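Q: Right, I'll just put the structure down here and ask away after.
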Amino acid sequence: IDNFPKVRGKAQALAILEQELRCKQRKGVIGLGAMSDSYNPMEAEQHLTRDALALIARYGFGLSVETKSDLIVRDIDYLQRISANHSAIIKLTITTADDDLAQRIEPGAPSSSRRLQALGELRQAGLYAGVLMMPILPWVNDAPEAICRLVQLAHEQDAQFIYPMWGLTLRDRQRWYFYEQLDRLFPGLRQKYQAYFGSQYVCISPKSSALQALFEEQCRRWQIRWKMADIIAGYRRSPGTRQLELF
């Protein structure tokens with residue numbers, strides 16, 4: 001795609017979505033934000049995501065949404081309607097509790113503190129919401145004390161779950177862009193990545209085993225779900241979820 005960083009809205013997106021929803025007999029769960037953040041800067045003016053949520057609520061479907069933006073709190077009204085009629089799970093990506101570090105590695109996203117505040121607002125509104133703690137970049141934001149701090153802050157905002165990934169994935173073209181940013185922000189770290197990971201697609205922190213053990217200990221301490229099965233079980237118990245009929 002030429003000019004890949006430019007965000008584009010899909011032509012006739014809402015008309016296409018409504019046609020799809022109208023044709024479905026089974027009211028399933030719609031996923032938003034897995035490939036591109038649904039709350040990009042354009043959304044504040046164009047309202048494509050908000051209007052999509054209105055359609056999802058109208059037709060009685062469930063929702064699973066991932067975002068790095070606190071703009072999602074604008075749509076609490078529709079999220080509550082969706083949750084009341086079906087179910088909704090909201091996953092806020094937060095990779096570090098350090099706003100300065102977040103500004104360096106996620107320059108286009110709201111600060112971590114704003115995202116944590118948004119998490120608290122979503123929970124106060126009765127919505128099932130938690131944290132995607134990923135990617136954790138080896139030798140950048142994988143310090144044990146940083147993980148503990150983020151889990152504690154998530155607890156303070158009543159996070160229902162945290163799901164981590166102790167590394168990142170790098171496709172070929174993505175890898176070279178990432179290395180350029182390492183050269184700019186963390187001189188010398190590129191060479192460490194190249195020596196340790198080579199051309200691996202999945203680059204897992206050397207501390208991953210210790211981090212997972214520490215993370216689980218902290219989640220038990222603060223009574224936060226971290227296992228996928230438990231996260232899904234909690235989501236299915238959220239308000240509005242109905243038992244599927246056999247026939």
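Residues in the structure tokens are named by chain (A, B, ... in the order shown) and by number from 1 within that chain; ligands are numbered from 1 in the order shown.
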I need the residues in segment 25-90 of chain A that are alpha helix (DSSP H) according to DSSP; give them as a PDB file with C-alpha atoms, in the first residue's frame.

A:
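out.pdb, written as the output of this step:
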```
ATOM      1  CA  GLU A  43     -12.386   9.212  14.568  1.00  0.00           C
ATOM      2  CA  ALA A  44     -12.770  12.316  16.733  1.00  0.00           C
ATOM      3  CA  GLU A  45     -14.249  14.132  13.723  1.00  0.00           C
ATOM      4  CA  GLN A  46     -15.559  11.408  11.418  1.00  0.00           C
ATOM      5  CA  LEU A  48     -17.168   6.090  11.831  1.00  0.00           C
ATOM      6  CA  THR A  49     -16.560   3.877  14.855  1.00  0.00           C
ATOM      7  CA  ARG A  50     -19.269   5.567  16.907  1.00  0.00           C
ATOM      8  CA  ASP A  51     -21.788   5.129  14.107  1.00  0.00           C
ATOM      9  CA  ALA A  52     -20.701   1.488  13.733  1.00  0.00           C
ATOM     10  CA  LEU A  53     -21.326   0.944  17.455  1.00  0.00           C
ATOM     11  CA  ALA A  54     -24.805   2.424  17.016  1.00  0.00           C
ATOM     12  CA  LEU A  55     -25.523  -0.199  14.356  1.00  0.00           C
ATOM     13  CA  ILE A  56     -24.082  -3.010  16.480  1.00  0.00           C
ATOM     14  CA  ALA A  57     -26.300  -1.913  19.380  1.00  0.00           C
ATOM     15  CA  ARG A  58     -29.375  -1.596  17.143  1.00  0.00           C
ATOM     16  CA  TYR A  59     -29.031  -5.092  15.725  1.00  0.00           C
ATOM     17  CA  ILE A  76     -19.761   4.626  26.818  1.00  0.00           C
ATOM     18  CA  ASP A  77     -23.466   5.085  26.052  1.00  0.00           C
ATOM     19  CA  TYR A  78     -23.399   2.688  23.101  1.00  0.00           C
ATOM     20  CA  LEU A  79     -21.023   0.304  24.849  1.00  0.00           C
ATOM     21  CA  GLN A  80     -23.500   0.054  27.734  1.00  0.00           C
ATOM     22  CA  ARG A  81     -26.358  -0.657  25.348  1.00  0.00           C
ATOM     23  CA  ILE A  82     -24.365  -3.392  23.630  1.00  0.00           C
ATOM     24  CA  SER A  83     -23.371  -4.914  26.968  1.00  0.00           C
ATOM     25  CA  ALA A  84     -26.976  -4.857  28.201  1.00  0.00           C
ATOM     26  CA  ASN A  85     -28.323  -6.643  25.113  1.00  0.00           C
TER      27      ASN A  85
END
```

Q: So that I can see what lies close to segment 86-92 of chain A, please list as a PyMOL selection string the residues with an atom at most 7 Å from it, counting only C-alpha atoms and leaving out residues fewer than 2 positions away in the same chain.

A: chain A and resi 60-68+82-84+94+128-132+235-236+238-242

Q: Need to verify the contact set: Tyr163 of chain A, 9 Å, only C-alpha atoms, exclusion of same-chain residues closer than 2 positions in sequence. Can you return it as an MDAnalysis selection string?

A: chainID A and resid 130:134 161 165 225:228 231

Q: For C-alpha atoms, I'd like the residues from the last selection saved as a PDB file, in the first residue's frame.

A:
```pdb
ATOM      1  CA  GLY A 130      -8.979  -4.668  31.141  1.00  0.00           C
ATOM      2  CA  VAL A 131      -5.466  -4.315  29.758  1.00  0.00           C
ATOM      3  CA  LEU A 132      -3.530  -5.807  26.863  1.00  0.00           C
ATOM      4  CA  MET A 133       0.045  -5.533  28.113  1.00  0.00           C
ATOM      5  CA  MET A 134       1.760  -5.891  24.766  1.00  0.00           C
ATOM      6  CA  PHE A 161      -8.065  -8.686  33.457  1.00  0.00           C
ATOM      7  CA  MET A 165       2.908 -10.852  25.606  1.00  0.00           C
ATOM      8  CA  ARG A 225      -7.681 -12.392  35.798  1.00  0.00           C
ATOM      9  CA  TRP A 226      -4.777 -13.259  33.506  1.00  0.00           C
ATOM     10  CA  LYS A 227      -5.616 -16.681  32.073  1.00  0.00           C
ATOM     11  CA  MET A 228      -7.465 -16.515  28.764  1.00  0.00           C
ATOM     12  CA  ILE A 231     -10.976 -13.744  30.976  1.00  0.00           C
TER      13      ILE A 231
END
```

Q: Nearest to Ala146 of chain A among A:Ser113, A:Gln25, A:Thr96, A:Gln181, with distances taken over only C-alpha atoms: which residue is it?

A: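 Distance minimum relative to Ala146 of chain A lands on A:Thr96.
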
Q: Hey, which of A:Leu211, A:Ala11, A:Val29, A:Ile204 ends up closest to Ala143 of chain A? Count only C-alpha atoms.

A: A:Leu211
